[in-house]
Amino acid sequence: MSDRSEHQKMYDYVVIGGGTAGSVIASRLTENPEVTVAVIEGGPSDVDREDVLTLRRWMGLLGGELDYDYPTTAQPRGNSHIRHSRARVLGGCSSHNTLIAFKPLPSDWDEWEAAGAKGWGAVPMEAYYARLRNNIVPVDEKDRNAVARDFVDAAQTALGVPRVEGFNAKPFTEGVGFFDLAYHPEDNKRSSASVAYLHPFLDRPNLHLWLETWAFRLDVDGTRARGVHVRTKDGEETLVRARHEVLLCAGAVDSPRLLLHSGIGPRADLEKFGIPVVHDLPGVGENLLDHPESVIVWETDGPIPENSAMDSDAGLFVRRDPEQPGPDLMFHFYQVPFTDNPERLGYRRPAHGVSMTPNIPKPRSRGRLYLTSPDPSVKPALDFRYFTDEDDYDARTLVDGIRIAREIARTEPLANWLKREVCPGPGIRSDEELSEYARKVAHTVYHPAGTCRMGDGSDELAVVDPELRIRGLDGIRVADASVFPTMTAVNPMIGVLMVGEKCADLVEGAA
Ligand SMILES: Cc1cc2nc3c(=O)[nH]c(=O)nc-3n(C[C@H](O)[C@H](O)[C@H](O)COP(=O)(O)OP(=O)(O)OC[C@H]3O[C@@H](n4cnc5c(N)ncnc54)[C@H](O)[C@@H]3O)c2cc1C
């Protein structure tokens, strides 16, 4: 990025957020040398940042200088202490996450299509998976820890679920095995969105990265988005203009946040803070989704081997209800004692241990993101309304999960490693006790989504149409985890990358 004279501040496309989806879109659009693209990214570059690029160092980034670190509002039925990490660095959360790489299941895409996302069914979406540039491979043999291998064996024996080698090879409803990861096993380096989509092309003269630059208000002329007001690293405020389109890719928290501060959102909420209403759009910030999970921890009989890709390399999917099209309970297996939340209830972290984390693939509780101030620098409120669904489905799923986890822990060869159950502890047995524990120590696996959901004209809360265009405005699309109409049963990053790929096609008129 060189000259930023007035002339240079006009680009064909302005991508707001050089994160997971934004990196894909900027990369694809700049394949055409005639097209100029500016990427407005709040964080610094990830190039040569070993702390970022080394996958196994992901925990060290939590809450650090590259984390926007969003609190949640009080959660009367859950854990009010959950912090939502969101990465402030090129590549976004794909530069911080654990890179578990699941192609969304056909039933996930078909659910989107049924929710009004025409053209997003499993069949047409398959081509976008094939196109991904990331290095997606099963956890390497050398990284497969002995205790994780024994978890896989024990789960297979205890539950009779199939062992899966390569979860993305074909759709599944149940299975246990090592994950596929977007990484380079030889040196444990990330194959994040930025590594795969931007690093090889940083010398493209038509790609302009505005790093450490914060977008704080969209520039909308009547019903047409013209650009975005930004504050650069030096504190200079300037308008970056889009000749054709603005592509909003700031993620499930910051995309709705920017829309709201730009006067695009529910009228009453905007008027409450004196934000001039540019476009009354009731769905902005609604439909806040996540994958909450709980944790059960065992002390092991001595230390466990060190080798790993990122400390949670294996997992399990169960389908309790055969009527469901996909899995309805998931587990990550951690080869570390993950006691951050239980410690608040008085539990102690053992010197050596492992954890299983029952997770709700299709949670039914729905939350909401909203502003608490007209000042764009104030973080929005995130009220996930964890465990508030009418039938208590979400909490019951975690209770089932703890019981299943105990069954696996009793089974060899895993049983041989385990000295005692640390939390919730063998004394906690009834449904009520298990539910209380599971909800109070619940954490997030950082999958917020859905706050600018995609839908058709019949969905009053749809923010974007199936071409990702903001309903009622011209010249602006949203493309990131916020457009998910419903949560994928599997970890969402690959779905977000595919949203990016499809968005690039939509912009180019090829979809
Ligand atoms: C710790 C962690 C672990 C996870 N593990 C996994 C996993 O293993 N597998 C999986 O599938 N998913 C995982 N996820 C979730 C997954 O990473 C996200 O769902 C996905 O990366 C979100 O992509 P996005 O494009 O929506 O947003 P992001 O990747 O967050 O991109 C948003 C970008 O916009 C920038 N930005 C935001 N606001 C502004 C602004 N106003 N001005 C300028 N720039 C702005 C940010 O700096 C960021 O770069 C994890 C997430 C985290 C945080």
# chains A, B, ... in the order shown; residues from 1 in each chain; ligands from 1
$ residues_near_ligand --ligand "ligand 1" --cutoff "6 Å" --atoms "only C-alpha atoms and all ligand atoms" --output "PyMOL selection string"
chain A and resi 16-21+40-43+85-94+96-101+213-216+249-252+254+445-447+480-481+491-494+496
$ write_last_selection --atoms "C-alpha atoms" --output "compact mmCIF listing (two decimals), in the first residue's frame"
# COMPACT_ATOMS: atom_id res chain seq x y z
CA ILE A 16 -14.21 -4.25 5.92
CA GLY A 17 -12.39 -6.86 8.01
CA GLY A 18 -9.40 -8.84 6.73
CA GLY A 19 -10.52 -11.88 8.72
CA THR A 20 -11.63 -15.35 7.75
CA ALA A 21 -14.18 -14.47 5.07
CA ILE A 40 -9.78 -2.30 6.17
CA GLU A 41 -8.38 -4.41 9.00
CA GLY A 42 -8.42 -3.41 12.65
CA GLY A 43 -5.40 -5.51 13.53
CA SER A 85 -12.37 -13.93 22.07
CA ARG A 86 -12.35 -12.26 18.64
CA ALA A 87 -9.03 -11.88 16.92
CA ARG A 88 -7.63 -8.47 16.01
CA VAL A 89 -5.12 -9.52 13.35
CA LEU A 90 -4.98 -10.27 9.64
CA GLY A 91 -6.78 -13.58 9.11
CA GLY A 92 -9.17 -12.76 11.96
CA CYS A 93 -10.25 -15.67 14.11
CA SER A 94 -8.62 -18.13 11.69
CA HIS A 96 -6.29 -17.43 16.54
CA ASN A 97 -8.54 -20.48 16.52
CA THR A 98 -7.78 -24.19 16.73
CA LEU A 99 -8.39 -24.66 12.99
CA ILE A 100 -10.64 -27.68 13.38
CA ALA A 101 -11.84 -28.00 9.82
CA THR A 213 -7.36 0.79 10.78
CA TRP A 214 -10.78 0.81 12.42
CA ALA A 215 -14.01 1.24 10.47
CA PHE A 216 -16.43 3.20 12.63
CA CYS A 249 -16.74 -8.97 6.78
CA ALA A 250 -16.11 -7.81 10.35
CA GLY A 251 -17.56 -10.96 11.96
CA ALA A 252 -20.67 -11.86 13.95
CA ASP A 254 -18.48 -6.34 14.65
CA VAL A 445 -15.93 -22.58 21.80
CA TYR A 446 -16.09 -19.10 20.27
CA HIS A 447 -18.60 -19.70 17.50
CA ASP A 480 -18.96 -13.62 7.45
CA ALA A 481 -20.34 -15.76 10.29
CA ASN A 491 -17.42 -26.12 13.89
CA PRO A 492 -18.15 -23.15 11.60
CA MET A 493 -14.84 -21.90 10.15
CA ILE A 494 -14.96 -23.91 6.92
CA VAL A 496 -17.32 -19.12 6.83
$ select_by_dssp --residues "stretch 61-167 of chain A" --states "alpha helix (DSSP H)" --output "PyMOL selection string"
chain A and resi 106-114+122-131+146-159
$ write_last_selection --atoms "C-alpha atoms" --output "CSV table (one decimal), in the first residue's frame"
chain,number,residue,atom,x,y,z
A,106,PRO,CA,-25.4,-31.5,3.9
A,107,SER,CA,-28.2,-31.2,6.5
A,108,ASP,CA,-26.7,-27.8,7.6
A,109,TRP,CA,-26.8,-26.4,4.1
A,110,ASP,CA,-30.2,-27.8,3.4
A,111,GLU,CA,-31.5,-26.2,6.6
A,112,TRP,CA,-30.2,-22.9,5.3
A,113,GLU,CA,-32.0,-23.3,2.0
A,114,ALA,CA,-35.2,-24.2,3.8
A,122,ALA,CA,-25.7,-28.9,-0.1
A,123,VAL,CA,-25.4,-29.6,-3.8
A,124,PRO,CA,-24.4,-26.2,-5.1
A,125,MET,CA,-22.2,-25.5,-2.0
A,126,GLU,CA,-20.0,-28.6,-2.6
A,127,ALA,CA,-18.0,-26.8,-5.3
A,128,TYR,CA,-16.9,-24.1,-2.8
A,129,TYR,CA,-15.4,-26.7,-0.5
A,130,ALA,CA,-13.4,-28.1,-3.4
A,131,ARG,CA,-12.1,-24.6,-4.1
A,146,ALA,CA,-1.5,-41.7,23.3
A,147,VAL,CA,-4.3,-40.6,25.7
A,148,ALA,CA,-6.3,-39.1,22.8
A,149,ARG,CA,-5.8,-42.4,20.9
A,150,ASP,CA,-7.2,-44.3,23.9
A,151,PHE,CA,-10.1,-41.9,24.1
A,152,VAL,CA,-11.0,-42.7,20.5
A,153,ASP,CA,-10.8,-46.5,21.2
A,154,ALA,CA,-12.8,-46.2,24.5
A,155,ALA,CA,-15.5,-44.2,22.9
A,156,GLN,CA,-15.8,-46.6,20.0
A,157,THR,CA,-16.1,-49.5,22.4
A,158,ALA,CA,-18.4,-47.8,24.9
A,159,LEU,CA,-20.9,-46.4,22.4
$ closest_residue --among "A:Arg83, A:His443, A:Val483, A:Arg403" --to "A:Gly455" --atoms "only C-alpha atoms"
A:Val483
$ closest_residue --among "A:Arg56, A:Arg406, A:His229, A:Arg133" --to "A:Gly500" --atoms "only C-alpha atoms"
A:Arg133
$ residues_around --residues "A:Gly457" --least-positions-apart "3" --cutoff "9 Å" --atoms "only C-alpha atoms" --output "ChimeraX atom specification"
/A:116,460,462,465,471
$ write_last_selection --atoms "N, CA and C atoms" --output "PDB file, in the first residue's frame"
ATOM      1  N   GLY A 116     -34.741 -20.069   3.716  1.00  0.00           N
ATOM      2  CA  GLY A 116     -34.879 -18.948   2.772  1.00  0.00           C
ATOM      3  C   GLY A 116     -33.600 -18.569   2.054  1.00  0.00           C
ATOM      4  N   GLU A 460     -38.945 -11.559   8.363  1.00  0.00           N
ATOM      5  CA  GLU A 460     -38.847 -10.151   8.785  1.00  0.00           C
ATOM      6  C   GLU A 460     -37.508  -9.824   9.420  1.00  0.00           C
ATOM      7  N   ALA A 462     -34.619 -11.197   8.523  1.00  0.00           N
ATOM      8  CA  ALA A 462     -33.473 -11.392   7.619  1.00  0.00           C
ATOM      9  C   ALA A 462     -32.805 -10.038   7.368  1.00  0.00           C
ATOM     10  N   ASP A 465     -30.170 -10.785   1.825  1.00  0.00           N
ATOM     11  CA  ASP A 465     -30.902 -11.709   0.957  1.00  0.00           C
ATOM     12  C   ASP A 465     -29.946 -12.840   0.546  1.00  0.00           C
ATOM     13  N   ARG A 471     -30.785  -6.052   2.786  1.00  0.00           N
ATOM     14  CA  ARG A 471     -32.124  -5.785   2.263  1.00  0.00           C
ATOM     15  C   ARG A 471     -32.445  -4.302   2.358  1.00  0.00           C
TER      16      ARG A 471
END
$ atom_distance --atom1 "atom CA of A:Pro448" --atom2 "atom CA of A:Glu286"
11.8 Å
